[in-house]
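This is query-v4.cif (mmCIF, C-alpha atoms).
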```
data_structure
loop_
_atom_site.group_PDB
_atom_site.id
_atom_site.type_symbol
_atom_site.label_atom_id
_atom_site.label_comp_id
_atom_site.auth_asym_id
_atom_site.auth_seq_id
_atom_site.Cartn_x
_atom_site.Cartn_y
_atom_site.Cartn_z
ATOM 1 C CA MET V 1031 -84.195 10.902 195.939
ATOM 2 C CA LYS V 1032 -84.534 14.393 197.353
ATOM 3 C CA LYS V 1033 -84.899 15.691 193.825
ATOM 4 C CA LEU V 1034 -87.645 13.130 193.093
ATOM 5 C CA ALA V 1035 -89.436 14.027 196.307
ATOM 6 C CA SER V 1036 -89.405 17.705 195.335
ATOM 7 C CA VAL V 1037 -90.889 16.947 191.925
ATOM 8 C CA LEU V 1038 -93.635 14.847 193.511
ATOM 9 C CA SER V 1039 -94.434 17.647 195.988
ATOM 10 C CA ILE V 1040 -94.762 20.153 193.169
ATOM 11 C CA LEU V 1041 -97.069 17.812 191.232
ATOM 12 C CA MET V 1042 -99.287 17.283 194.278
ATOM 13 C CA LEU V 1043 -99.536 21.046 194.823
ATOM 14 C CA LEU V 1044 -100.530 21.600 191.213
ATOM 15 C CA PHE V 1045 -103.219 18.891 191.507
ATOM 16 C CA VAL V 1046 -104.699 20.505 194.614
ATOM 17 C CA LEU V 1047 -104.719 23.952 193.025
ATOM 18 C CA SER V 1048 -106.353 22.550 189.881
ATOM 19 C CA ALA V 1049 -109.083 20.863 191.926
ATOM 20 C CA CYS V 1050 -109.769 24.055 193.846
ATOM 21 C CA GLY V 1051 -109.984 26.004 190.584
ATOM 22 C CA THR V 1052 -112.442 23.471 189.215
ATOM 23 C CA GLU V 1053 -114.656 23.708 192.331
ATOM 24 C CA ASP V 1054 -114.508 27.500 192.226
ATOM 25 C CA GLY V 1055 -115.454 27.415 188.540
ATOM 26 C CA LYS V 1056 -118.360 25.121 189.263
ATOM 27 C CA ALA V 1057 -119.507 27.435 192.042
ATOM 28 C CA GLU V 1058 -119.277 30.440 189.727
ATOM 29 C CA ASP V 1059 -121.218 28.568 187.037
ATOM 30 C CA LYS V 1060 -123.894 27.634 189.576
ATOM 31 C CA THR V 1061 -124.114 31.249 190.755
ATOM 32 C CA ALA V 1062 -124.397 32.522 187.174
ATOM 33 C CA ALA V 1063 -127.001 29.890 186.337
ATOM 34 C CA SER V 1064 -129.004 30.836 189.427
ATOM 35 C CA ALA V 1065 -128.846 34.471 188.431
ATOM 36 C CA VAL V 1066 -130.070 33.674 184.912
ATOM 37 C CA LYS V 1067 -132.834 31.485 186.329
ATOM 38 C CA ALA V 1068 -133.878 34.187 188.779
ATOM 39 C CA LYS V 1069 -133.874 36.771 186.006
ATOM 40 C CA GLY V 1070 -135.966 34.475 183.833
ATOM 41 C CA THR V 1071 -138.418 33.918 186.675
ATOM 42 C CA GLU V 1072 -138.610 37.648 187.274
ATOM 43 C CA LYS V 1073 -139.273 38.248 183.587
ATOM 44 C CA ALA V 1074 -141.991 35.598 183.575
ATOM 45 C CA GLU V 1075 -143.561 37.229 186.620
ATOM 46 C CA GLU V 1076 -143.465 40.589 184.853
ATOM 47 C CA THR V 1077 -145.200 39.086 181.817
ATOM 48 C CA THR V 1078 -147.826 37.437 184.022
ATOM 49 C CA GLY V 1079 -148.310 40.725 185.890
ATOM 50 C CA ALA V 1080 -149.178 42.498 182.613
ATOM 51 C CA ALA V 1081 -152.783 41.252 182.863
ATOM 52 C CA ILE V 1082 -155.313 44.053 183.382
ATOM 53 C CA GLU V 1083 -158.269 43.631 185.703
ATOM 54 C CA VAL V 1084 -161.001 46.268 185.760
ATOM 55 C CA THR V 1085 -164.271 46.571 187.625
ATOM 56 C CA ASP V 1086 -166.834 48.455 185.566
ATOM 57 C CA MET V 1087 -169.712 50.724 186.581
ATOM 58 C CA ILE V 1088 -172.104 47.857 187.388
ATOM 59 C CA GLY V 1089 -169.501 46.112 189.554
ATOM 60 C CA GLN V 1090 -168.610 43.456 186.976
ATOM 61 C CA THR V 1091 -164.921 42.491 186.830
ATOM 62 C CA SER V 1092 -163.194 41.704 183.525
ATOM 63 C CA THR V 1093 -159.607 40.548 182.975
ATOM 64 C CA PHE V 1094 -157.510 41.185 179.862
ATOM 65 C CA ASP V 1095 -154.096 39.645 179.133
ATOM 66 C CA GLU V 1096 -152.927 43.009 177.830
ATOM 67 C CA VAL V 1097 -154.252 46.416 176.807
ATOM 68 C CA PRO V 1098 -157.125 45.774 174.337
ATOM 69 C CA LYS V 1099 -156.090 46.603 170.784
ATOM 70 C CA SER V 1100 -159.611 47.092 169.427
ATOM 71 C CA VAL V 1101 -162.640 48.757 170.999
ATOM 72 C CA ALA V 1102 -166.135 49.797 169.914
ATOM 73 C CA THR V 1103 -168.858 51.737 171.687
ATOM 74 C CA LEU V 1104 -172.569 52.443 171.236
ATOM 75 C CA SER V 1105 -172.579 55.666 173.271
ATOM 76 C CA SER V 1106 -171.579 59.047 171.872
ATOM 77 C CA GLY V 1107 -170.525 60.154 175.361
ATOM 78 C CA ASP V 1108 -168.260 57.135 175.818
ATOM 79 C CA LEU V 1109 -166.892 57.738 172.315
ATOM 80 C CA ASP V 1110 -166.095 61.334 173.293
ATOM 81 C CA MET V 1111 -164.198 60.161 176.401
ATOM 82 C CA LEU V 1112 -162.260 57.466 174.534
ATOM 83 C CA LEU V 1113 -161.165 59.930 171.846
ATOM 84 C CA ALA V 1114 -160.256 62.541 174.476
ATOM 85 C CA LEU V 1115 -157.882 59.961 175.983
ATOM 86 C CA GLY V 1116 -156.260 59.347 172.599
ATOM 87 C CA ILE V 1117 -157.646 55.816 172.260
ATOM 88 C CA LYS V 1118 -158.142 54.387 168.774
ATOM 89 C CA VAL V 1119 -161.799 53.402 168.299
ATOM 90 C CA ASP V 1120 -162.902 50.880 165.654
ATOM 91 C CA GLY V 1121 -166.682 51.105 166.040
ATOM 92 C CA ARG V 1122 -168.927 54.014 166.999
ATOM 93 C CA PRO V 1123 -172.628 54.811 167.355
ATOM 94 C CA THR V 1124 -174.597 56.202 164.455
ATOM 95 C CA VAL V 1125 -175.026 59.896 165.174
ATOM 96 C CA GLN V 1126 -177.066 62.652 163.582
ATOM 97 C CA GLY V 1127 -175.729 66.071 162.737
ATOM 98 C CA PRO V 1128 -173.069 67.615 160.490
ATOM 99 C CA PRO V 1129 -170.012 65.572 159.407
ATOM 100 C CA ASN V 1130 -167.276 65.283 162.022
ATOM 101 C CA LYS V 1131 -163.710 64.775 160.776
ATOM 102 C CA ASP V 1132 -162.749 63.107 164.063
ATOM 103 C CA LEU V 1133 -165.181 60.284 163.267
ATOM 104 C CA GLU V 1134 -164.001 59.599 159.714
ATOM 105 C CA GLY V 1135 -162.764 56.047 159.270
ATOM 106 C CA ILE V 1136 -164.628 54.730 162.324
ATOM 107 C CA ALA V 1137 -167.291 52.183 161.390
ATOM 108 C CA GLU V 1138 -170.876 52.868 162.492
ATOM 109 C CA ILE V 1139 -172.409 50.056 164.555
ATOM 110 C CA GLY V 1140 -175.906 51.375 165.256
ATOM 111 C CA ASN V 1141 -177.137 52.845 168.524
ATOM 112 C CA PRO V 1142 -177.919 51.534 172.041
ATOM 113 C CA HIS V 1143 -181.537 50.793 171.077
ATOM 114 C CA GLN V 1144 -180.735 49.255 167.685
ATOM 115 C CA PRO V 1145 -177.223 47.747 167.628
ATOM 116 C CA ASN V 1146 -176.005 46.570 164.232
ATOM 117 C CA PHE V 1147 -174.720 43.123 165.225
ATOM 118 C CA GLU V 1148 -173.582 42.353 161.692
ATOM 119 C CA LYS V 1149 -171.257 45.380 161.762
ATOM 120 C CA ILE V 1150 -170.080 44.547 165.288
ATOM 121 C CA ALA V 1151 -169.212 41.003 164.176
ATOM 122 C CA GLU V 1152 -167.398 42.409 161.147
ATOM 123 C CA ILE V 1153 -165.225 44.616 163.366
ATOM 124 C CA ASN V 1154 -164.992 41.894 166.040
ATOM 125 C CA PRO V 1155 -163.609 44.180 168.768
ATOM 126 C CA GLU V 1156 -161.853 42.755 171.822
ATOM 127 C CA VAL V 1157 -164.057 44.925 174.008
ATOM 128 C CA ILE V 1158 -167.278 46.854 173.524
ATOM 129 C CA ILE V 1159 -168.194 49.774 175.790
ATOM 130 C CA ALA V 1160 -171.915 49.924 176.549
ATOM 131 C CA ALA V 1161 -174.627 51.014 178.959
ATOM 132 C CA PRO V 1162 -176.112 48.453 181.400
ATOM 133 C CA SER V 1163 -179.156 48.036 179.118
ATOM 134 C CA PHE V 1164 -176.873 46.198 176.670
ATOM 135 C CA LYS V 1165 -176.373 43.359 179.155
ATOM 136 C CA GLN V 1166 -179.127 41.332 177.460
ATOM 137 C CA HIS V 1167 -176.687 40.838 174.557
ATOM 138 C CA GLU V 1168 -173.731 39.817 176.733
ATOM 139 C CA ALA V 1169 -173.835 36.069 175.997
ATOM 140 C CA ASN V 1170 -174.002 36.731 172.257
ATOM 141 C CA MET V 1171 -170.976 39.052 172.431
ATOM 142 C CA GLU V 1172 -168.927 36.628 174.513
ATOM 143 C CA ARG V 1173 -169.577 33.821 172.012
ATOM 144 C CA GLN V 1174 -167.797 35.843 169.360
ATOM 145 C CA GLY V 1175 -164.943 36.635 171.757
ATOM 146 C CA THR V 1176 -165.925 40.208 172.671
ATOM 147 C CA LYS V 1177 -165.999 41.313 176.316
ATOM 148 C CA ILE V 1178 -168.337 44.057 177.497
ATOM 149 C CA VAL V 1179 -167.337 46.838 179.879
ATOM 150 C CA TYR V 1180 -170.347 48.721 181.247
ATOM 151 C CA THR V 1181 -170.432 52.442 181.928
ATOM 152 C CA ALA V 1182 -172.840 54.855 183.645
ATOM 153 C CA ALA V 1183 -173.703 58.523 183.235
ATOM 154 C CA ASN V 1184 -176.260 59.368 185.889
ATOM 155 C CA SER V 1185 -174.116 62.080 187.477
ATOM 156 C CA VAL V 1186 -170.963 64.115 186.969
ATOM 157 C CA ASP V 1187 -169.175 61.685 189.307
ATOM 158 C CA ASP V 1188 -170.267 58.757 187.103
ATOM 159 C CA ILE V 1189 -168.687 60.425 184.087
ATOM 160 C CA LYS V 1190 -165.434 61.080 185.953
ATOM 161 C CA LYS V 1191 -165.323 57.475 187.207
ATOM 162 C CA THR V 1192 -165.906 56.204 183.667
ATOM 163 C CA ILE V 1193 -162.950 58.267 182.444
ATOM 164 C CA GLY V 1194 -160.845 56.684 185.189
ATOM 165 C CA LEU V 1195 -162.074 53.231 184.156
ATOM 166 C CA PHE V 1196 -160.977 53.851 180.551
ATOM 167 C CA GLY V 1197 -157.626 55.134 181.782
ATOM 168 C CA GLN V 1198 -157.041 51.919 183.707
ATOM 169 C CA LEU V 1199 -158.180 49.625 180.893
ATOM 170 C CA PHE V 1200 -156.214 51.323 178.111
ATOM 171 C CA ASP V 1201 -153.082 52.331 180.067
ATOM 172 C CA LYS V 1202 -154.021 56.018 179.959
ATOM 173 C CA GLU V 1203 -154.222 56.704 183.686
ATOM 174 C CA THR V 1204 -152.146 59.903 183.576
ATOM 175 C CA GLU V 1205 -154.297 61.333 180.779
ATOM 176 C CA ALA V 1206 -157.477 60.264 182.585
ATOM 177 C CA LYS V 1207 -156.380 61.979 185.807
ATOM 178 C CA THR V 1208 -155.722 65.212 183.892
ATOM 179 C CA ILE V 1209 -159.209 65.189 182.332
ATOM 180 C CA GLN V 1210 -160.874 64.279 185.658
ATOM 181 C CA ASP V 1211 -159.089 67.101 187.466
ATOM 182 C CA ASN V 1212 -160.045 69.575 184.726
ATOM 183 C CA ILE V 1213 -163.730 68.594 184.965
ATOM 184 C CA THR V 1214 -163.656 68.823 188.777
ATOM 185 C CA GLU V 1215 -162.064 72.276 188.659
ATOM 186 C CA GLN V 1216 -164.531 73.641 186.104
ATOM 187 C CA ILE V 1217 -167.578 72.135 187.831
ATOM 188 C CA GLU V 1218 -166.539 73.598 191.184
ATOM 189 C CA LYS V 1219 -165.931 76.988 189.581
ATOM 190 C CA SER V 1220 -169.280 76.955 187.778
ATOM 191 C CA SER V 1221 -171.373 75.665 190.687
ATOM 192 C CA ALA V 1222 -169.787 78.151 193.106
ATOM 193 C CA ASP V 1223 -171.778 80.863 191.328
ATOM 194 C CA LYS V 1224 -175.189 79.183 191.337
ATOM 195 C CA ALA V 1225 -178.322 80.796 190.016
ATOM 196 C CA GLU V 1226 -181.028 81.713 192.498
ATOM 197 C CA ALA V 1227 -183.210 78.727 193.347
ATOM 198 C CA VAL V 1228 -185.706 78.245 190.537
ATOM 199 C CA LYS V 1229 -188.521 75.706 190.815
ATOM 200 C CA THR V 1230 -187.938 73.521 187.792
ATOM 201 C CA LEU V 1231 -189.592 70.576 186.060
ATOM 202 C CA LEU V 1232 -187.357 68.338 183.925
ATOM 203 C CA VAL V 1233 -189.288 66.316 181.347
ATOM 204 C CA TYR V 1234 -187.668 63.586 179.245
ATOM 205 C CA GLY V 1235 -189.449 62.065 176.301
ATOM 206 C CA ALA V 1236 -190.792 61.945 172.784
ATOM 207 C CA PRO V 1237 -194.259 62.651 171.410
ATOM 208 C CA GLY V 1238 -196.705 60.496 173.358
ATOM 209 C CA THR V 1239 -194.208 59.350 176.001
ATOM 210 C CA TYR V 1240 -193.024 61.610 178.790
ATOM 211 C CA MET V 1241 -191.240 61.012 182.083
ATOM 212 C CA VAL V 1242 -189.989 63.328 184.783
ATOM 213 C CA ALA V 1243 -186.234 63.369 185.513
ATOM 214 C CA LEU V 1244 -185.336 62.787 189.174
ATOM 215 C CA PRO V 1245 -182.316 64.098 191.122
ATOM 216 C CA ASN V 1246 -180.462 60.772 190.591
ATOM 217 C CA SER V 1247 -180.406 61.355 186.807
ATOM 218 C CA LEU V 1248 -177.626 63.313 185.089
ATOM 219 C CA SER V 1249 -179.922 66.228 184.226
ATOM 220 C CA GLY V 1250 -181.218 66.175 187.816
ATOM 221 C CA ASN V 1251 -177.648 66.264 189.148
ATOM 222 C CA LEU V 1252 -176.763 69.157 186.827
ATOM 223 C CA LEU V 1253 -179.911 71.038 187.879
ATOM 224 C CA GLU V 1254 -178.860 70.742 191.502
ATOM 225 C CA LEU V 1255 -175.279 71.871 190.746
ATOM 226 C CA ALA V 1256 -176.685 74.843 188.810
ATOM 227 C CA GLY V 1257 -178.828 75.890 191.773
ATOM 228 C CA GLY V 1258 -182.235 74.772 190.543
ATOM 229 C CA GLU V 1259 -184.935 73.126 192.645
ATOM 230 C CA ASN V 1260 -186.342 69.895 191.193
ATOM 231 C CA ILE V 1261 -190.083 69.948 191.969
ATOM 232 C CA ALA V 1262 -190.266 66.187 191.283
ATOM 233 C CA SER V 1263 -187.544 65.210 193.770
ATOM 234 C CA ASP V 1264 -189.952 63.032 195.790
ATOM 235 C CA PHE V 1265 -191.872 61.489 192.867
ATOM 236 C CA PRO V 1266 -191.800 57.640 192.993
ATOM 237 C CA ASN V 1267 -189.349 56.315 190.421
ATOM 238 C CA GLU V 1268 -190.148 53.925 187.576
ATOM 239 C CA GLU V 1269 -189.014 50.340 188.201
ATOM 240 C CA LYS V 1270 -187.394 49.966 184.774
ATOM 241 C CA TYR V 1271 -186.051 53.530 184.720
ATOM 242 C CA PRO V 1272 -185.049 54.407 188.310
ATOM 243 C CA GLN V 1273 -183.775 57.859 187.310
ATOM 244 C CA TYR V 1274 -187.249 58.862 186.117
ATOM 245 C CA ALA V 1275 -190.845 59.054 187.350
ATOM 246 C CA SER V 1276 -194.259 59.063 185.699
ATOM 247 C CA LEU V 1277 -195.512 62.476 184.736
ATOM 248 C CA SER V 1278 -198.269 63.572 187.123
ATOM 249 C CA VAL V 1279 -200.040 66.664 185.782
ATOM 250 C CA GLU V 1280 -201.906 67.149 189.065
ATOM 251 C CA LYS V 1281 -198.682 67.251 191.139
ATOM 252 C CA ILE V 1282 -196.980 69.512 188.622
ATOM 253 C CA ILE V 1283 -199.844 72.000 188.721
ATOM 254 C CA GLU V 1284 -199.865 71.849 192.511
ATOM 255 C CA ARG V 1285 -196.126 72.655 192.719
ATOM 256 C CA ASN V 1286 -196.268 75.327 190.005
ATOM 257 C CA PRO V 1287 -192.773 75.247 188.388
ATOM 258 C CA GLU V 1288 -191.182 78.508 187.253
ATOM 259 C CA MET V 1289 -189.254 76.700 184.505
ATOM 260 C CA VAL V 1290 -190.008 73.612 182.405
ATOM 261 C CA MET V 1291 -187.052 72.004 180.603
ATOM 262 C CA LEU V 1292 -187.615 69.361 177.931
ATOM 263 C CA ILE V 1293 -184.996 66.691 177.174
ATOM 264 C CA THR V 1294 -185.187 64.771 173.901
ATOM 265 C CA HIS V 1295 -182.998 62.889 171.411
ATOM 266 C CA GLY V 1296 -184.128 64.880 168.393
ATOM 267 C CA GLU V 1297 -186.760 67.042 166.697
ATOM 268 C CA PRO V 1298 -186.922 69.508 169.603
ATOM 269 C CA GLU V 1299 -189.654 71.737 168.220
ATOM 270 C CA ALA V 1300 -191.922 68.769 167.445
ATOM 271 C CA VAL V 1301 -191.404 67.419 170.965
ATOM 272 C CA LYS V 1302 -192.131 70.818 172.505
ATOM 273 C CA ALA V 1303 -195.332 71.271 170.468
ATOM 274 C CA ALA V 1304 -196.521 67.745 171.267
ATOM 275 C CA PHE V 1305 -195.767 68.157 174.964
ATOM 276 C CA GLU V 1306 -197.563 71.478 175.237
ATOM 277 C CA GLY V 1307 -200.510 70.051 173.319
ATOM 278 C CA GLU V 1308 -200.687 67.169 175.787
ATOM 279 C CA MET V 1309 -200.514 69.480 178.793
ATOM 280 C CA LEU V 1310 -203.115 71.887 177.424
ATOM 281 C CA LYS V 1311 -205.709 69.147 177.792
ATOM 282 C CA ASN V 1312 -205.749 70.253 181.405
ATOM 283 C CA PRO V 1313 -206.956 73.910 181.529
ATOM 284 C CA ALA V 1314 -204.965 74.554 184.718
ATOM 285 C CA TRP V 1315 -201.704 74.024 182.771
ATOM 286 C CA LYS V 1316 -202.040 77.526 181.285
ATOM 287 C CA ASN V 1317 -201.900 78.994 184.782
ATOM 288 C CA LEU V 1318 -198.427 77.651 185.617
ATOM 289 C CA ASP V 1319 -195.850 80.384 186.119
ATOM 290 C CA ALA V 1320 -193.521 78.694 183.608
ATOM 291 C CA VAL V 1321 -196.219 78.680 180.919
ATOM 292 C CA LYS V 1322 -197.549 82.194 181.585
ATOM 293 C CA LYS V 1323 -194.037 83.685 181.394
ATOM 294 C CA GLY V 1324 -192.862 81.607 178.431
ATOM 295 C CA ASN V 1325 -190.284 79.642 180.408
ATOM 296 C CA VAL V 1326 -190.716 76.327 178.577
ATOM 297 C CA MET V 1327 -187.556 75.351 176.694
ATOM 298 C CA VAL V 1328 -185.870 72.388 175.025
ATOM 299 C CA LEU V 1329 -182.355 71.578 176.227
ATOM 300 C CA PRO V 1330 -179.688 70.775 173.568
ATOM 301 C CA SER V 1331 -180.001 67.083 172.706
ATOM 302 C CA HIS V 1332 -176.242 66.524 172.310
ATOM 303 C CA LEU V 1333 -175.727 67.619 175.925
ATOM 304 C CA PHE V 1334 -178.860 66.282 177.632
ATOM 305 C CA GLY V 1335 -180.493 63.737 175.334
ATOM 306 C CA THR V 1336 -177.470 61.490 175.726
ATOM 307 C CA ASN V 1337 -174.313 61.144 177.798
ATOM 308 C CA PRO V 1338 -172.286 64.336 177.056
ATOM 309 C CA GLY V 1339 -168.952 62.780 178.072
ATOM 310 C CA THR V 1340 -166.234 65.395 178.650
ATOM 311 C CA LYS V 1341 -168.737 68.103 177.574
ATOM 312 C CA VAL V 1342 -170.583 67.712 180.889
ATOM 313 C CA VAL V 1343 -169.174 71.088 181.998
ATOM 314 C CA GLU V 1344 -170.726 72.688 178.921
ATOM 315 C CA ALA V 1345 -174.041 71.047 179.868
ATOM 316 C CA LEU V 1346 -173.845 72.569 183.353
ATOM 317 C CA ASP V 1347 -173.166 76.014 181.881
ATOM 318 C CA VAL V 1348 -176.232 75.681 179.614
ATOM 319 C CA MET V 1349 -178.327 74.661 182.620
ATOM 320 C CA LYS V 1350 -177.130 77.680 184.611
ATOM 321 C CA GLU V 1351 -177.731 80.056 181.719
ATOM 322 C CA SER V 1352 -181.240 78.678 181.227
ATOM 323 C CA LEU V 1353 -182.143 79.166 184.890
ATOM 324 C CA GLY V 1354 -180.741 82.689 184.731
ATOM 325 C CA GLN V 1355 -183.194 83.553 181.944
ATOM 326 C CA VAL V 1356 -186.304 82.868 184.028
ATOM 327 C CA LYS V 1357 -188.551 85.878 183.670
#
```
Take the structure in this file and express it as structure tokens.
Amino acid sequence: MKKLASVLSILMLLFVLSACGTEDGKAEDKTAASAVKAKGTEKAEETTGAAIEVTDMIGQTSTFDEVPKSVATLSSGDLDMLLALGIKVDGRPTVQGPPNKDLEGIAEIGNPHQPNFEKIAEINPEVIIAAPSFKQHEANMERQGTKIVYTAANSVDDIKKTIGLFGQLFDKETEAKTIQDNITEQIEKSSADKAEAVKTLLVYGAPGTYMVALPNSLSGNLLELAGGENIASDFPNEEKYPQYASLSVEKIIERNPEMVMLITHGEPEAVKAAFEGEMLKNPAWKNLDAVKKGNVMVLPSHLFGTNPGTKVVEALDVMKESLGQVK
């Protein structure tokens, strides 16, 4: 009997130990399962968190599930900034001038005033970079699945902010910061040695149409950084073009600029001749200091006729040099 009792005791002990092992195993399985579930949840959260939200230069917010894989732009300045950041561009503006190897293989899609919508549809970019004036085409672009991110270039700060915007959208924030810092450093260095104040008139236009650039325009901002004095700083701005004012010959003659700078998209000599011919209709124009001393010049169109992008420092240097040549 004692022997039987001992056997039964051993069997009971084994049963208890087996049950405990089973419970421990279940607990371990539950713990492992929880860990896997938590890891899966964390991974899902990471995937969800990959969405990119950017607020562009007109305050419009756009969300992308991931970094856009295709982009097009209608601005040569925006194109310059995108390429400087190492971003692959599928569509670019039509530009004049000698062939540029950097632009080979990038489809031309027109210009801000005449977009080639057939080409844009052919490329079908995820995002198109454009100036605020392109907003009238927004609904059309969205119907074909293309989002628009708007930029601005009315000051050096605008250009730096646009670079930062591209860095955020295309996961190039480190590169963007480097370019921004470089521009800031060069602008500060250049503007620290300003030219003596020169009374200047900035005229933007084409034959038959002329406007005066105000301080809130890019050329007006560069003039101020270069040390020039914008004689049209208090001219009332145009409603459709708030960075510009109507050309008032009477006010210009009254304020007698020492330098007149012309800004145009192309054909600089034709624009200069047409402008001077228009001004000569008023006999008093010949008596302006700028005219008498031959200080009427056309600024380079690739730096002033459009957004210069990362070349904005070069534009400031040209502005400074021009003011320094006043006779």
Requested in this report: Determine the residue set returned by the PyMOL selection byres ((chain V and resi 1339-1355) around 6) for the present structure, and present it as a VMD selection string.
Outcome: chain V and resid 1107 1110 to 1111 1252 1256 1333 1337 to 1338 1356
Query raised in the report: On this structure, which residues satisfy the PyMOL selection byres ((chain V and resi 1143-1150) around 10), written as a ChimeraX atom specification?
Result: /V:1102-1104,1120-1124,1137-1142,1151-1155,1158,1163-1164,1167,1170-1171,1174,1176
Report task. Could you tell me how far atom CA of Ala1275 of chain V lies from atom CA of Ala1262 of chain V, in Å and to one decimal? Result -> 8.2 Å
Using 9 Å as the limit and counting all atoms listed in the file, can you tabulate each residue of segment 1137-1241 of chain V that touches segment 1088-1099 of chain V, with its shortest atom-to-atom distance in Å and the two atoms involved, as JSON lines?
```
{"residue": "V:Pro1155", "atom": "CA", "partner": "V:Lys1099", "partner_atom": "CA", "distance": 8.2}
{"residue": "V:Glu1156", "atom": "CA", "partner": "V:Pro1098", "partner_atom": "CA", "distance": 6.1}
{"residue": "V:Val1157", "atom": "CA", "partner": "V:Pro1098", "partner_atom": "CA", "distance": 7.0}
{"residue": "V:Pro1162", "atom": "CA", "partner": "V:Ile1088", "partner_atom": "CA", "distance": 7.2}
{"residue": "V:Lys1177", "atom": "CA", "partner": "V:Ser1092", "partner_atom": "CA", "distance": 7.7}
{"residue": "V:Ile1178", "atom": "CA", "partner": "V:Ser1092", "partner_atom": "CA", "distance": 8.3}
{"residue": "V:Val1179", "atom": "CA", "partner": "V:Ser1092", "partner_atom": "CA", "distance": 7.5}
{"residue": "V:Tyr1180", "atom": "CA", "partner": "V:Ile1088", "partner_atom": "CA", "distance": 6.4}
{"residue": "V:Thr1181", "atom": "CA", "partner": "V:Ile1088", "partner_atom": "CA", "distance": 7.3}
{"residue": "V:Ala1182", "atom": "CA", "partner": "V:Ile1088", "partner_atom": "CA", "distance": 8.0}
{"residue": "V:Leu1199", "atom": "CA", "partner": "V:Val1097", "partner_atom": "CA", "distance": 6.5}
{"residue": "V:Phe1200", "atom": "CA", "partner": "V:Val1097", "partner_atom": "CA", "distance": 5.4}
{"residue": "V:Asp1201", "atom": "CA", "partner": "V:Val1097", "partner_atom": "CA", "distance": 6.9}
```
Query raised in the report: Which residues, written as JSON, numbers by chain, have at least one atom at most 9 Å from segment 1223-1232 of chain V, with only C-alpha atoms counted and residues fewer than 5 positions away on the same chain left out?
Result: {"V": [1218, 1241, 1242, 1243, 1244, 1249, 1250, 1253, 1255, 1256, 1257, 1258, 1259, 1260, 1261, 1262, 1282, 1285, 1286, 1287, 1288, 1289, 1290, 1291, 1292, 1293, 1320, 1350, 1351, 1353, 1354, 1356]}
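Counting from atom CA of Lys1322 of chain V, the distance to atom CA of Ala1303 of chain V is 15.7 Å.
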Residue rebuild result segment 1320-1329 of chain V, N, CA, C and O atoms as a PDB file, in the frame of the given file:
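Saved result, out24.pdb, follows:
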```pdb
ATOM      1  N   ALA V1320    -194.431  78.967 184.733  1.00  0.00           N
ATOM      2  CA  ALA V1320    -193.521  78.694 183.608  1.00  0.00           C
ATOM      3  C   ALA V1320    -194.204  78.928 182.273  1.00  0.00           C
ATOM      4  O   ALA V1320    -193.615  79.475 181.332  1.00  0.00           O
ATOM      5  N   VAL V1321    -195.483  78.548 182.172  1.00  0.00           N
ATOM      6  CA  VAL V1321    -196.219  78.680 180.919  1.00  0.00           C
ATOM      7  C   VAL V1321    -196.609  80.138 180.680  1.00  0.00           C
ATOM      8  O   VAL V1321    -196.449  80.675 179.581  1.00  0.00           O
ATOM      9  N   LYS V1322    -197.119  80.798 181.720  1.00  0.00           N
ATOM     10  CA  LYS V1322    -197.549  82.194 181.585  1.00  0.00           C
ATOM     11  C   LYS V1322    -196.397  83.112 181.177  1.00  0.00           C
ATOM     12  O   LYS V1322    -196.592  84.059 180.416  1.00  0.00           O
ATOM     13  N   LYS V1323    -195.197  82.821 181.668  1.00  0.00           N
ATOM     14  CA  LYS V1323    -194.037  83.685 181.394  1.00  0.00           C
ATOM     15  C   LYS V1323    -193.170  83.177 180.235  1.00  0.00           C
ATOM     16  O   LYS V1323    -192.112  83.741 179.941  1.00  0.00           O
ATOM     17  N   GLY V1324    -193.607  82.110 179.590  1.00  0.00           N
ATOM     18  CA  GLY V1324    -192.862  81.607 178.431  1.00  0.00           C
ATOM     19  C   GLY V1324    -191.573  80.890 178.776  1.00  0.00           C
ATOM     20  O   GLY V1324    -190.641  80.847 177.954  1.00  0.00           O
ATOM     21  N   ASN V1325    -191.506  80.327 179.972  1.00  0.00           N
ATOM     22  CA  ASN V1325    -190.284  79.642 180.408  1.00  0.00           C
ATOM     23  C   ASN V1325    -190.376  78.122 180.192  1.00  0.00           C
ATOM     24  O   ASN V1325    -190.173  77.314 181.101  1.00  0.00           O
ATOM     25  N   VAL V1326    -190.707  77.739 178.966  1.00  0.00           N
ATOM     26  CA  VAL V1326    -190.716  76.327 178.577  1.00  0.00           C
ATOM     27  C   VAL V1326    -189.700  76.188 177.452  1.00  0.00           C
ATOM     28  O   VAL V1326    -189.860  76.798 176.383  1.00  0.00           O
ATOM     29  N   MET V1327    -188.631  75.434 177.676  1.00  0.00           N
ATOM     30  CA  MET V1327    -187.556  75.351 176.694  1.00  0.00           C
ATOM     31  C   MET V1327    -187.086  73.920 176.486  1.00  0.00           C
ATOM     32  O   MET V1327    -187.305  73.047 177.329  1.00  0.00           O
ATOM     33  N   VAL V1328    -186.454  73.694 175.343  1.00  0.00           N
ATOM     34  CA  VAL V1328    -185.870  72.388 175.025  1.00  0.00           C
ATOM     35  C   VAL V1328    -184.365  72.487 175.199  1.00  0.00           C
ATOM     36  O   VAL V1328    -183.716  73.351 174.608  1.00  0.00           O
ATOM     37  N   LEU V1329    -183.805  71.597 176.016  1.00  0.00           N
ATOM     38  CA  LEU V1329    -182.355  71.578 176.227  1.00  0.00           C
ATOM     39  C   LEU V1329    -181.658  70.933 175.028  1.00  0.00           C
ATOM     40  O   LEU V1329    -182.230  70.058 174.375  1.00  0.00           O
TER      41      LEU V1329
END
```
